[in-house]
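Coordinates as given in my_file.cif (mmCIF, C-alpha atoms and all ligand atoms):
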```
data_final
#
loop_
_atom_site.label_atom_id
_atom_site.label_comp_id
_atom_site.auth_asym_id
_atom_site.auth_seq_id
_atom_site.Cartn_x
_atom_site.Cartn_y
_atom_site.Cartn_z
CA ALA W 1 23.74 -32.25 -97.55
CA VAL W 2 24.26 -30.01 -94.50
CA PHE W 3 28.02 -30.58 -94.56
CA ASP W 4 28.09 -29.83 -98.30
CA ARG W 5 26.30 -26.59 -97.54
CA ILE W 6 28.79 -25.82 -94.76
CA ASP W 7 31.65 -26.41 -97.21
CA ALA W 8 30.02 -24.02 -99.69
CA VAL W 9 29.23 -21.04 -97.42
CA GLU W 10 31.10 -21.34 -94.12
CA GLY W 11 34.06 -19.35 -95.47
CA LYS W 12 31.77 -16.31 -95.71
CA VAL W 13 29.55 -16.86 -92.66
CA ARG W 14 31.88 -18.49 -90.08
CA ALA W 15 29.11 -19.79 -87.85
CA TYR W 16 31.00 -22.79 -86.44
CA ILE W 17 33.88 -22.96 -83.98
CA THR W 18 34.02 -26.77 -84.17
CA GLN W 19 32.42 -29.17 -86.65
CA THR W 20 31.68 -32.71 -85.46
CA ARG W 21 31.49 -34.62 -88.74
CA ASP W 22 32.43 -38.04 -87.36
CA LEU W 23 30.01 -37.78 -84.46
CA ALA W 24 27.25 -36.59 -86.82
CA MET W 25 27.76 -39.44 -89.29
CA ALA W 26 27.72 -42.00 -86.46
CA GLN W 27 24.53 -40.48 -85.03
CA ALA W 28 22.90 -40.43 -88.48
CA LYS W 29 23.79 -44.09 -88.97
CA ALA W 30 22.07 -45.00 -85.69
CA THR W 31 18.82 -43.65 -87.14
CA ASP W 32 19.36 -45.43 -90.48
CA ASP W 33 19.83 -48.67 -88.55
CA LYS W 34 16.63 -48.09 -86.59
CA ILE W 35 14.69 -47.50 -89.77
CA ALA W 36 16.24 -50.63 -91.32
CA ARG W 37 15.08 -52.65 -88.30
CA GLY W 38 11.61 -51.21 -88.72
CA GLU W 39 11.73 -49.37 -85.37
CA ALA W 40 9.82 -46.17 -84.67
CA ILE W 41 11.90 -42.97 -84.67
CA ALA W 42 11.46 -39.69 -82.79
CA PRO W 43 10.58 -36.45 -84.67
CA LEU W 44 14.17 -35.16 -84.52
CA ALA W 45 15.80 -38.49 -85.44
CA GLY W 46 18.45 -37.96 -88.09
CA ILE W 47 17.86 -34.21 -88.27
CA PRO W 48 21.14 -32.24 -88.13
CA GLY W 49 21.58 -29.26 -85.83
CA ALA W 50 24.24 -27.37 -83.89
CA LEU W 51 24.85 -26.36 -80.29
CA LYS W 52 26.13 -23.01 -79.10
CA ASP W 53 29.67 -23.53 -77.86
CA ASN W 54 28.78 -22.94 -74.21
CA MET W 55 26.96 -26.29 -73.90
CA CYS W 56 29.01 -29.37 -73.09
CA VAL W 57 29.13 -32.32 -75.45
CA LYS W 58 31.28 -35.13 -74.06
CA GLY W 59 34.65 -35.34 -75.83
CA VAL W 60 34.01 -32.26 -77.98
CA LYS W 61 35.83 -28.97 -77.33
CA THR W 62 33.63 -26.43 -75.47
CA THR W 63 35.32 -23.05 -75.67
CA CYS W 64 32.70 -20.38 -74.85
CA ALA W 65 34.65 -18.52 -77.59
CA SER W 66 37.22 -17.72 -74.89
CA GLN W 67 40.99 -18.19 -74.79
CA ILE W 68 40.63 -19.44 -71.22
CA LEU W 69 38.68 -22.50 -72.45
CA ALA W 70 40.27 -22.71 -75.92
CA ASN W 71 41.36 -26.32 -75.32
CA PHE W 72 38.74 -27.45 -72.82
CA VAL W 73 37.19 -30.85 -73.62
CA PRO W 74 34.36 -31.68 -71.20
CA PRO W 75 34.23 -35.23 -69.84
CA TYR W 76 30.42 -35.18 -69.70
CA ASP W 77 27.32 -34.25 -71.69
CA SER W 78 25.04 -31.33 -70.87
CA ALA W 79 21.41 -32.28 -70.19
CA VAL W 80 20.41 -30.90 -73.60
CA ALA W 81 23.09 -32.99 -75.36
CA GLU W 82 21.81 -36.09 -73.54
CA ARG W 83 18.20 -35.38 -74.49
CA LEU W 84 19.07 -34.71 -78.11
CA ALA W 85 21.07 -37.95 -78.28
CA ALA W 86 18.11 -39.82 -76.77
CA ALA W 87 15.94 -38.30 -79.53
CA ASN W 88 18.52 -39.51 -82.13
CA ALA W 89 19.16 -35.95 -83.31
CA VAL W 90 22.41 -35.36 -85.20
CA VAL W 91 24.92 -32.81 -83.87
CA THR W 92 26.89 -31.05 -86.63
CA GLY W 93 29.05 -28.94 -84.35
CA LYS W 94 29.49 -26.08 -81.90
CA THR W 95 28.66 -22.53 -82.92
CA ASN W 96 30.33 -19.19 -82.35
CA LEU W 97 29.21 -16.73 -79.67
CA ASP W 98 30.30 -13.62 -77.86
CA GLU W 99 32.84 -14.76 -75.26
CA PHE W 100 30.93 -16.37 -72.35
CA ALA W 101 27.69 -15.16 -74.02
CA MET W 102 28.51 -11.54 -73.19
CA GLY W 103 27.55 -9.36 -76.11
CA SER W 104 24.95 -8.60 -78.75
CA SER W 105 26.87 -8.97 -82.02
CA CYS W 106 29.16 -12.04 -81.91
CA GLU W 107 32.09 -9.63 -82.23
CA ASN W 108 33.27 -10.45 -78.70
CA SER W 109 34.25 -13.97 -79.75
CA SER W 110 37.98 -14.30 -79.08
CA PHE W 111 38.34 -16.38 -82.29
CA PHE W 112 36.56 -14.54 -85.13
CA PRO W 113 33.29 -12.68 -85.73
CA THR W 114 30.38 -14.46 -87.43
CA ARG W 115 28.70 -12.65 -90.34
CA ASN W 116 25.01 -12.13 -91.07
CA PRO W 117 24.02 -14.38 -94.02
CA TRP W 118 21.66 -11.67 -95.36
CA ASP W 119 24.49 -9.14 -95.56
CA THR W 120 28.00 -10.21 -94.65
CA ALA W 121 28.92 -6.62 -93.75
CA ALA W 122 26.36 -6.82 -90.90
CA VAL W 123 26.55 -8.64 -87.56
CA PRO W 124 24.38 -11.73 -86.97
CA GLY W 125 23.46 -10.45 -83.49
CA GLY W 126 24.52 -12.08 -80.27
CA SER W 127 25.42 -13.73 -78.26
CA SER W 128 24.07 -16.85 -80.07
CA GLY W 129 25.08 -15.34 -83.43
CA GLY W 130 26.71 -18.53 -84.69
CA SER W 131 23.57 -20.58 -84.03
CA ALA W 132 21.25 -18.07 -85.73
CA ALA W 133 23.57 -17.59 -88.71
CA ALA W 134 24.01 -21.35 -89.12
CA VAL W 135 20.23 -21.86 -89.35
CA ALA W 136 19.73 -18.83 -91.62
CA ALA W 137 22.49 -20.00 -93.99
CA ALA W 138 21.14 -23.59 -93.98
CA GLU W 139 24.34 -24.82 -92.32
CA ALA W 140 22.09 -26.51 -89.75
CA VAL W 141 18.40 -27.39 -89.70
CA TRP W 142 18.04 -26.26 -86.09
CA ALA W 143 20.37 -24.95 -83.39
CA LEU W 144 20.40 -24.31 -79.68
CA GLY W 145 21.17 -20.94 -78.16
CA SER W 146 21.21 -19.61 -74.63
CA ASP W 147 19.36 -16.47 -73.63
CA THR W 148 20.40 -14.47 -70.57
CA GLY W 149 19.20 -11.11 -71.84
CA GLY W 150 18.11 -11.70 -75.42
CA SER W 151 20.84 -13.92 -76.85
CA ILE W 152 18.47 -16.33 -78.59
CA ARG W 153 15.85 -13.81 -79.68
CA GLN W 154 17.96 -10.92 -80.98
CA PRO W 155 20.25 -13.00 -83.25
CA ALA W 156 17.18 -14.93 -84.50
CA ALA W 157 15.60 -11.57 -85.38
CA TYR W 158 18.76 -10.24 -87.08
CA CYS W 159 19.10 -13.43 -89.13
CA GLY W 160 15.41 -13.77 -90.06
CA VAL W 161 14.80 -17.09 -88.27
CA VAL W 162 12.65 -18.18 -85.30
CA GLY W 163 14.09 -18.31 -81.77
CA LEU W 164 12.39 -19.21 -78.51
CA LYS W 165 13.53 -18.41 -74.99
CA PRO W 166 11.60 -20.78 -72.72
CA THR W 167 10.35 -20.05 -69.21
CA TYR W 168 13.23 -19.95 -66.73
CA GLY W 169 13.69 -23.54 -65.54
CA ARG W 170 11.85 -25.21 -68.45
CA VAL W 171 15.11 -26.52 -69.99
CA SER W 172 17.88 -27.85 -67.74
CA ARG W 173 21.00 -25.71 -67.44
CA TYR W 174 23.12 -28.72 -66.41
CA GLY W 175 26.25 -28.59 -68.56
CA LEU W 176 25.63 -25.04 -69.80
CA VAL W 177 28.59 -22.85 -68.83
CA ALA W 178 27.00 -20.31 -66.50
CA TYR W 179 26.92 -16.61 -67.31
CA ALA W 180 24.20 -15.21 -64.99
CA SER W 181 22.53 -18.19 -63.36
CA SER W 182 19.24 -16.55 -62.38
CA LEU W 183 18.67 -15.43 -65.99
CA ASP W 184 20.27 -18.10 -68.24
CA GLN W 185 17.96 -20.32 -70.26
CA ILE W 186 18.59 -22.63 -73.24
CA GLY W 187 16.22 -22.64 -76.20
CA PRO W 188 15.80 -23.53 -79.89
CA ILE W 189 16.52 -21.54 -83.05
CA ALA W 190 14.92 -22.90 -86.23
CA ARG W 191 13.63 -21.94 -89.67
CA ASP W 192 9.97 -21.93 -88.66
CA VAL W 193 7.66 -22.15 -85.67
CA THR W 194 6.91 -25.87 -86.13
CA ASP W 195 10.60 -26.82 -86.05
CA CYS W 196 11.06 -24.62 -83.01
CA ALA W 197 8.20 -26.42 -81.23
CA LEU W 198 9.68 -29.84 -82.05
CA VAL W 199 13.16 -28.96 -80.79
CA LEU W 200 11.73 -27.43 -77.62
CA GLY W 201 9.77 -30.62 -76.99
CA ALA W 202 12.97 -32.65 -77.27
CA ILE W 203 15.03 -30.57 -74.82
CA ALA W 204 12.45 -29.47 -72.20
CA GLY W 205 11.77 -31.30 -68.97
CA HIS W 206 12.70 -31.76 -65.35
CA ASP W 207 16.29 -32.47 -64.30
CA GLY W 208 17.31 -32.99 -60.68
CA ARG W 209 20.86 -31.82 -61.47
CA ASP W 210 19.62 -28.24 -62.01
CA SER W 211 18.07 -26.97 -58.78
CA THR W 212 15.97 -24.40 -60.66
CA SER W 213 14.55 -26.95 -63.12
CA ILE W 214 10.72 -26.94 -63.20
CA ASP W 215 9.01 -30.24 -62.44
CA ALA W 216 6.05 -29.96 -64.81
CA PRO W 217 4.97 -32.23 -67.67
CA VAL W 218 6.21 -31.30 -71.15
CA PRO W 219 3.25 -30.69 -73.47
CA ASP W 220 3.17 -31.79 -77.10
CA TYR W 221 4.05 -28.33 -78.40
CA ALA W 222 3.34 -29.20 -82.03
CA LYS W 223 -0.29 -29.89 -81.06
CA ALA W 224 -0.71 -26.28 -79.95
CA LEU W 225 -0.08 -25.02 -83.48
CA VAL W 226 -3.39 -23.92 -84.99
CA PRO W 227 -3.60 -21.45 -87.87
CA ASP W 228 -5.79 -18.80 -86.22
CA ALA W 229 -5.66 -16.47 -83.23
CA ARG W 230 -9.35 -16.60 -82.32
CA GLY W 231 -10.06 -15.61 -78.74
CA LEU W 232 -6.43 -14.69 -78.04
CA LYS W 233 -6.02 -11.43 -76.12
CA ILE W 234 -2.90 -9.59 -77.22
CA GLY W 235 -1.40 -6.52 -75.59
CA LEU W 236 1.16 -3.97 -76.66
CA PRO W 237 3.32 -2.42 -73.94
CA LYS W 238 3.87 1.05 -75.41
CA GLU W 239 6.98 1.57 -73.26
CA TYR W 240 8.86 -0.85 -75.58
CA PHE W 241 8.94 1.78 -78.31
CA VAL W 242 12.00 3.45 -76.84
CA ALA W 243 13.80 6.53 -78.13
CA GLY W 244 16.07 5.59 -81.02
CA MET W 245 13.64 2.94 -82.34
CA ASP W 246 13.82 2.65 -86.12
CA PRO W 247 10.39 3.82 -87.44
CA ALA W 248 10.40 0.85 -89.86
CA VAL W 249 10.59 -1.53 -86.89
CA GLU W 250 7.71 0.24 -85.13
CA LYS W 251 5.63 0.10 -88.32
CA ALA W 252 6.30 -3.61 -88.78
CA VAL W 253 5.19 -4.37 -85.20
CA TYR W 254 1.93 -2.46 -85.67
CA ALA W 255 1.37 -4.27 -88.98
CA ALA W 256 1.88 -7.58 -87.16
CA ILE W 257 -0.74 -6.58 -84.61
CA ASP W 258 -3.17 -5.80 -87.43
CA GLN W 259 -2.49 -9.21 -88.92
CA LEU W 260 -3.10 -10.93 -85.57
CA LYS W 261 -6.36 -8.99 -85.22
CA ALA W 262 -7.38 -10.18 -88.69
CA LEU W 263 -6.68 -13.73 -87.48
CA GLY W 264 -9.16 -13.25 -84.63
CA ALA W 265 -7.10 -11.77 -81.78
CA GLU W 266 -8.44 -9.06 -79.47
CA TYR W 267 -6.04 -6.19 -78.97
CA LYS W 268 -5.41 -3.61 -76.27
CA GLU W 269 -2.57 -1.34 -75.24
CA VAL W 270 -1.10 -2.03 -71.81
CA SER W 271 1.27 -0.05 -69.63
CA MET W 272 4.43 -1.40 -68.02
CA PRO W 273 5.84 1.64 -66.22
CA HIS W 274 9.06 0.08 -64.87
CA THR W 275 10.36 -1.00 -68.31
CA GLU W 276 12.74 1.94 -68.45
CA TYR W 277 14.71 0.60 -65.46
CA ALA W 278 15.10 -2.93 -66.81
CA LEU W 279 18.34 -2.41 -68.71
CA ALA W 280 20.14 -0.87 -65.72
CA ALA W 281 18.88 -3.59 -63.37
CA TYR W 282 19.87 -6.28 -65.87
CA TYR W 283 23.43 -5.05 -66.31
CA LEU W 284 23.91 -4.95 -62.52
CA ILE W 285 22.44 -8.39 -61.86
CA ALA W 286 24.04 -10.08 -64.88
CA THR W 287 27.52 -8.68 -64.19
CA ALA W 288 27.27 -9.45 -60.45
CA GLU W 289 26.37 -13.07 -61.13
CA ALA W 290 28.99 -13.32 -63.87
CA SER W 291 31.74 -12.05 -61.57
CA SER W 292 30.87 -14.84 -59.16
CA ASN W 293 30.40 -17.58 -61.80
CA LEU W 294 33.66 -16.77 -63.58
CA ALA W 295 35.68 -16.96 -60.36
CA ARG W 296 36.13 -20.69 -61.08
CA PHE W 297 38.41 -19.97 -64.04
CA ASP W 298 41.64 -19.62 -62.10
CA GLY W 299 44.06 -21.77 -64.08
CA VAL W 300 43.92 -24.55 -61.50
CA GLY W 301 41.08 -26.96 -62.25
CA PHE W 302 40.74 -26.50 -65.99
CA GLY W 303 41.35 -24.04 -68.76
CA HIS W 304 44.33 -21.90 -69.66
CA ARG W 305 47.11 -21.59 -67.06
CA GLY W 306 49.52 -18.66 -67.19
CA GLU W 307 53.09 -18.64 -65.88
CA GLY W 308 53.73 -17.29 -62.38
CA ASN W 309 56.21 -17.64 -59.52
CA ASP W 310 53.49 -17.90 -56.89
CA ILE W 311 49.83 -18.80 -56.90
CA ILE W 312 48.53 -15.21 -56.92
CA ALA W 313 50.75 -14.31 -59.87
CA MET W 314 49.57 -17.49 -61.62
CA TYR W 315 45.88 -16.59 -61.05
CA LYS W 316 46.46 -13.11 -62.39
CA ARG W 317 48.32 -14.25 -65.48
CA SER W 318 45.81 -16.99 -66.24
CA ARG W 319 42.83 -14.66 -66.04
CA THR W 320 44.47 -11.70 -67.77
CA GLU W 321 45.62 -13.87 -70.66
CA GLY W 322 42.43 -15.91 -70.76
CA PHE W 323 39.63 -13.35 -70.60
CA GLY W 324 38.88 -10.77 -73.28
CA GLU W 325 38.19 -7.10 -72.70
CA GLU W 326 34.39 -7.29 -72.38
CA VAL W 327 34.53 -10.21 -69.95
CA ARG W 328 37.05 -8.37 -67.80
CA ARG W 329 34.89 -5.23 -67.88
CA ARG W 330 31.92 -7.22 -66.61
CA ILE W 331 33.88 -9.01 -63.89
CA MET W 332 35.00 -5.61 -62.62
CA LEU W 333 31.51 -4.08 -62.81
CA GLY W 334 29.99 -7.08 -61.05
CA THR W 335 32.66 -7.25 -58.35
CA TYR W 336 32.11 -3.56 -57.65
CA ALA W 337 28.32 -3.97 -57.44
CA LEU W 338 28.71 -6.81 -54.94
CA SER W 339 31.39 -5.24 -52.77
CA SER W 340 30.53 -4.38 -49.16
CA GLY W 341 29.22 -0.86 -48.82
CA TYR W 342 27.89 -0.90 -52.40
CA TYR W 343 25.81 -4.07 -52.25
CA ASP W 344 22.67 -2.29 -50.94
CA ALA W 345 22.99 0.63 -53.32
CA TYR W 346 23.45 -1.45 -56.48
CA TYR W 347 22.79 -5.18 -56.34
CA LEU W 348 19.99 -5.09 -53.77
CA LYS W 349 18.38 -2.11 -55.50
CA ALA W 350 18.51 -3.95 -58.82
CA LEU W 351 16.78 -6.95 -57.23
CA LYS W 352 13.99 -4.66 -56.01
CA VAL W 353 13.59 -3.22 -59.50
CA ARG W 354 13.45 -6.79 -60.80
CA THR W 355 10.44 -7.41 -58.54
CA LEU W 356 8.69 -4.28 -59.81
CA ILE W 357 9.23 -5.41 -63.40
CA LYS W 358 7.77 -8.82 -62.59
CA GLN W 359 4.75 -7.09 -61.06
CA ASP W 360 4.27 -5.06 -64.26
CA PHE W 361 4.08 -8.34 -66.18
CA ASP W 362 1.71 -9.96 -63.63
CA LYS W 363 -0.61 -7.00 -63.99
CA ALA W 364 -0.47 -7.05 -67.80
CA PHE W 365 -1.16 -10.80 -67.87
CA GLY W 366 -4.28 -10.14 -65.80
CA GLU W 367 -5.61 -8.35 -68.89
CA VAL W 368 -4.09 -10.18 -71.88
CA ASP W 369 -2.75 -13.63 -72.85
CA VAL W 370 0.36 -12.53 -74.71
CA LEU W 371 2.34 -9.33 -75.17
CA VAL W 372 3.63 -8.23 -78.55
CA ALA W 373 6.75 -6.04 -78.85
CA PRO W 374 9.82 -5.43 -80.98
CA ILE W 375 12.94 -7.56 -80.40
CA ALA W 376 15.45 -4.77 -80.88
CA PRO W 377 15.34 -1.06 -81.75
CA THR W 378 16.97 -1.64 -85.16
CA THR W 379 17.82 -4.35 -87.65
CA ALA W 380 21.32 -5.84 -87.78
CA PHE W 381 24.00 -3.18 -87.59
CA LYS W 382 27.34 -3.15 -89.40
CA VAL W 383 30.35 -5.11 -88.18
CA GLY W 384 32.53 -2.69 -86.19
CA GLU W 385 29.79 -0.07 -85.76
CA LYS W 386 29.31 -0.45 -81.99
CA VAL W 387 32.32 -2.49 -80.99
CA ASP W 388 34.10 0.40 -79.27
CA ASP W 389 30.99 1.71 -77.51
CA PRO W 390 29.80 -0.75 -74.83
CA LEU W 391 26.82 1.41 -73.84
CA ALA W 392 25.51 1.54 -77.43
CA MET W 393 25.89 -2.25 -77.53
CA TYR W 394 24.01 -2.67 -74.21
CA LEU W 395 21.15 -0.53 -75.57
CA GLN W 396 20.46 -3.24 -78.16
CA ASP W 397 19.04 -5.33 -75.31
CA VAL W 398 16.40 -2.89 -74.11
CA CYS W 399 13.42 -4.90 -75.43
CA THR W 400 14.69 -8.35 -74.47
CA VAL W 401 16.13 -8.13 -70.93
CA PRO W 402 12.85 -7.43 -69.07
CA ILE W 403 11.64 -10.90 -70.11
CA ASN W 404 14.68 -12.60 -68.51
CA LEU W 405 14.31 -10.54 -65.34
CA ALA W 406 10.74 -11.85 -65.07
CA GLY W 407 11.67 -15.42 -66.12
CA LEU W 408 9.06 -15.50 -68.90
CA PRO W 409 8.94 -17.33 -72.24
CA ALA W 410 9.19 -15.28 -75.44
CA ILE W 411 9.53 -16.06 -79.12
CA SER W 412 11.22 -14.04 -81.87
CA LEU W 413 10.02 -14.38 -85.44
CA PRO W 414 10.41 -12.45 -88.68
CA CYS W 415 7.81 -9.72 -89.36
CA GLY W 416 9.23 -7.85 -92.35
CA PHE W 417 12.33 -6.44 -93.97
CA VAL W 418 13.93 -3.04 -94.24
CA GLY W 419 17.00 -2.32 -96.33
CA GLY W 420 17.28 -6.04 -97.15
CA LEU W 421 17.52 -7.03 -93.47
CA PRO W 422 14.90 -8.90 -91.42
CA ILE W 423 12.86 -7.30 -88.60
CA GLY W 424 11.99 -9.34 -85.51
CA LEU W 425 8.66 -9.56 -83.72
CA GLN W 426 8.55 -10.61 -80.07
CA ILE W 427 5.62 -12.48 -78.52
CA ILE W 428 5.87 -12.82 -74.72
CA GLY W 429 3.86 -15.28 -72.62
CA ARG W 430 2.94 -16.14 -69.04
CA PRO W 431 5.19 -18.53 -67.08
CA LEU W 432 5.01 -21.93 -68.88
CA GLY W 433 2.94 -20.24 -71.61
CA GLU W 434 5.10 -21.68 -74.41
CA GLU W 435 2.09 -23.27 -76.12
CA THR W 436 0.25 -19.96 -76.29
CA ILE W 437 3.17 -18.00 -77.77
CA LEU W 438 3.90 -20.80 -80.24
CA ARG W 439 0.26 -20.79 -81.29
CA ALA W 440 0.23 -17.00 -81.82
CA ALA W 441 3.53 -17.20 -83.72
CA TYR W 442 2.29 -20.07 -85.89
CA ALA W 443 -0.91 -18.22 -86.77
CA PHE W 444 1.09 -15.11 -87.63
CA GLU W 445 3.75 -16.96 -89.64
N1 LIG U 1 23.55 -8.92 -74.84
C1 LIG U 1 23.24 -9.33 -73.50
C2 LIG U 1 24.50 -9.34 -72.66
O1 LIG U 1 25.52 -9.14 -73.20
C3 LIG U 1 22.57 -10.65 -73.49
C4 LIG U 1 23.48 -11.78 -73.56
C5 LIG U 1 22.81 -13.11 -73.42
O2 LIG U 1 21.59 -13.22 -73.44
N2 LIG U 1 23.63 -14.10 -73.21
O3 LIG U 1 24.47 -9.54 -71.49
#
```

What does this structure look like when you write it as structure tokens?
Ligand code: GLN
Amino acid sequence: AVFDRIDAVEGKVRAYITQTRDLAMAQAKATDDKIARGEAIAPLAGIPGALKDNMCVKGVKTTCASQILANFVPPYDSAVAERLAAANAVVTGKTNLDEFAMGSSCENSSFFPTRNPWDTAAVPGGSSGGSAAAVAAAEAVWALGSDTGGSIRQPAAYCGVVGLKPTYGRVSRYGLVAYASSLDQIGPIARDVTDCALVLGAIAGHDGRDSTSIDAPVPDYAKALVPDARGLKIGLPKEYFVAGMDPAVEKAVYAAIDQLKALGAEYKEVSMPHTEYALAAYYLIATAEASSNLARFDGVGFGHRGEGNDIIAMYKRSRTEGFGEEVRRRIMLGTYALSSGYYDAYYLKALKVRTLIKQDFDKAFGEVDVLVAPIAPTTAFKVGEKVDDPLAMYLQDVCTVPINLAGLPAISLPCGFVGGLPIGLQIIGRPLGEETILRAAYAFE
């Protein structure tokens, strides 16, 4: 049924870079066989979903939507692919993204842009735009995204589905192509909060191959889902209503707070004074780490190799031909921020700001259990609208990047519509507070 749906709408949406029909049918058969033998099956057994194309699946092309990896076939599975296989989930394919997860609209894919299923003239958000669009268009039941600065939550919001960025370290990054390693985190995108909880339960857990993986038991997230918010203390950081915020988005967030209060939550406004510096700190830290992580793509070990008479010329050709404009911009920004003489002024300063932002959250979580905020200042914008203005594109991330800087879990879920496009609500939790944000989201939904 999912592949029939893909055949019907993929021409308009273009969510997938690669479809894995044979793999999916074989995986589905494994579950059929289990059922025929009378064996117990896991909650995700036989349920079809897609992976963002920056997560390795053995034998399946993993491109990061980049020319430099256009023909790269990984010889191993990412930790999430392994866990999903162990849960007998079915993988339908690999979804489109902004090249190397750098972007907020899916327009930086070097192959093609994905469209928003609610309005194909609008972007699906990014960078996990393919994953969010696939779920919204019913071309997958669930999908995985990665979130370095909002890339699960913002496309989920733009496409009217639910997306969860777990606590940093909750899901193993082994086999995820690194963008900014201290910020990257894999998480689920699904049609509702329950599905999101089930997929998170399947992929979370300790993994010795990722040195930042958290060694803590994985709760039964579905158990946390109760239909009220009694006793929950919710806070609103007023600094998240930045200049340029669409009044309809602000109104929808306040209406969501009223609804949570009606469900039994206690509400107070909190202050997070360093929020205004988060975007600048993020774009220094993320580009610095990216410049270092992307040094491995040199045409030697794997990926595209350009022609050249000597090795330096070959490096240059490989990288110039392989990387798109935005990726090159970020490598240059990051290399500059890390260069001697500038390191203290930029990178080190950004790390200090990161600590101040974390302290703002620590203080707020002394007063409340969860924070409620918008996901983005606007709903999905038009294809082409911001593509030539990188700063306008970066501003889309103002409400999402502080959460990555602090390593916290946050969920994005629909809280209304304006002009036919969905508005996203963000619920942010304490470290390993996934159950609490899922509970609040479930009550609200
Ligand atoms: N839009 C942000 C960026 O381009 C976030 C990307 C992400 O979370 N991968 O850096």

Check: Which chains and residue numbers are within 8 Å of ligand LIG 1 (chain U), counting only C-alpha atoms and all ligand atoms, if I want them as JSON, numbers by chain?
Finding: {"W": [100, 101, 102, 103, 104, 105, 126, 127, 128, 146, 147, 148, 149, 150, 151, 152, 179, 184, 282, 283, 286, 287, 393, 394, 396, 397, 401]}

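The space between CA of Glu367 in chain W and CA of Ile234 in chain W spans 8.8 Å.
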
Checklist line | Who sits within 9 Å of range 416-429 of chain W, only C-alpha atoms, same chain under 6 positions skipped, as a VMD selection string | finding: chain W and resid 118 to 119 153 to 154 156 to 162 167 248 to 249 252 to 253 256 365 369 to 376 378 to 380 399 to 400 403 408 to 410 435 to 438 440 to 441

Notebook entry, point to check: Taking all atoms listed in the file into account, which of W:Cys106, W:Pro155, W:Ala79, W:Gly130 comes nearest Asp53 in chain W?
Noted result: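 For Asp53 in chain W, the nearest of the given residues is W:Gly130.
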
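The nearest approach to Glu139 in chain W among the residues W:Ser181, W:Gln19, W:Asn309, W:Ser211, with only C-alpha atoms taken into account, belongs to W:Gln19.
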
Next item on the list: Show which residues sit within 12 Å of Leu284 in chain W, as a ChimeraX atom specification. Count only C-alpha atoms, and ignore same-chain residues fewer than 5 positions away.
Entry: /W:180,277-279,289-291,330-338,342-354,394,401,405

Next item on the list: Work out how far CA of Arg319 in chain W is from CA of Ala295 in chain W, in Å to one decimal.
Entry: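 Separation of CA of Ala295 in chain W and CA of Arg319 in chain W: 9.4 Å.
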
Next item on the list: Go through W:Thr194, W:Thr95, W:Gln359, W:Ser172 one by one, measure the shortest atom-to-atom distance of each to Ile214 in chain W using all atoms listed in the file, and give the residue with the smallest value.
Entry: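 Answer, going by the shortest atom-to-atom distance: W:Ser172.
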
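For the choices W:Ala364, W:Leu164, W:Val171, W:Val135, the atom-to-atom distance to Ser78 in chain W is smallest for W:Val171 when using only C-alpha atoms.
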
Notebook entry, point to check: In terms of the shortest atom-to-atom distance over all atoms listed in the file, which of W:Asp220, W:Glu434, W:Glu307, W:Glu107 is closest to Glu385 in chain W?
Noted result: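 When distances to Glu385 in chain W are compared using all atoms listed in the file, the smallest one comes from W:Glu107.
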
Next item on the list: Figure out the distance between CA of Gly175 in chain W and CA of Cys56 in chain W, please, to one decimal in Å.
Entry: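 According to the coordinates, CA of Cys56 in chain W and CA of Gly175 in chain W are separated by 5.4 Å.
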
Notebook entry, point to check: Between W:His274, W:Arg21, W:Lys94, W:Lys34, which is the closest to Val57 in chain W once you count all atoms listed in the file?
Noted result: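 Closest candidate: W:Lys94.
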
Notebook entry, point to check: Can you list, as a list in words, every protein, DNA or RNA residue that comes within 9 Å of Ser213 in chain W when you count all atoms listed in the file, leaving out same-chain residues fewer than 2 positions away?
Noted result: Tyr168, Gly169, Arg170, Val171, Ser172, Arg173, Gly205, His206, Asp207, Gly208, Arg209, Asp210, Ser211 and Asp215 of chain W

Item checked: Shell of 6 Å around range 320-322 of chain W, all atoms listed in the file, local chain residues under 4 positions omitted, as a list in words -> Gln67, Ile68 and Lys316 of chain W

Checklist line | Shell of 10 Å around Ala26 in chain W, all atoms listed in the file, local chain residues under 6 positions omitted, as a PyMOL selection string | finding: chain W and resi 32+90-91

Repair of range 437-442 of chain W at the level of N, CA and C atoms, as an mmCIF file, in the frame of the given file:
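As written to disk, selection_33.cif reads:
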```cif
data_model
loop_
_atom_site.group_PDB
_atom_site.id
_atom_site.type_symbol
_atom_site.label_atom_id
_atom_site.label_comp_id
_atom_site.auth_asym_id
_atom_site.auth_seq_id
_atom_site.Cartn_x
_atom_site.Cartn_y
_atom_site.Cartn_z
ATOM 1 N N ILE W 437 2.361 -18.847 -76.877
ATOM 2 C CA ILE W 437 3.170 -18.000 -77.770
ATOM 3 C C ILE W 437 3.483 -18.719 -79.074
ATOM 4 N N LEU W 438 3.667 -20.033 -79.000
ATOM 5 C CA LEU W 438 3.900 -20.800 -80.240
ATOM 6 C C LEU W 438 2.664 -20.741 -81.129
ATOM 7 N N ARG W 439 1.503 -20.832 -80.509
ATOM 8 C CA ARG W 439 0.260 -20.790 -81.290
ATOM 9 C C ARG W 439 0.125 -19.425 -81.979
ATOM 10 N N ALA W 440 0.347 -18.347 -81.228
ATOM 11 C CA ALA W 440 0.230 -17.000 -81.820
ATOM 12 C C ALA W 440 1.246 -16.838 -82.955
ATOM 13 N N ALA W 441 2.469 -17.337 -82.718
ATOM 14 C CA ALA W 441 3.530 -17.200 -83.720
ATOM 15 C C ALA W 441 3.188 -18.018 -84.969
ATOM 16 N N TYR W 442 2.647 -19.197 -84.761
ATOM 17 C CA TYR W 442 2.290 -20.070 -85.890
ATOM 18 C C TYR W 442 1.188 -19.438 -86.721
#
```
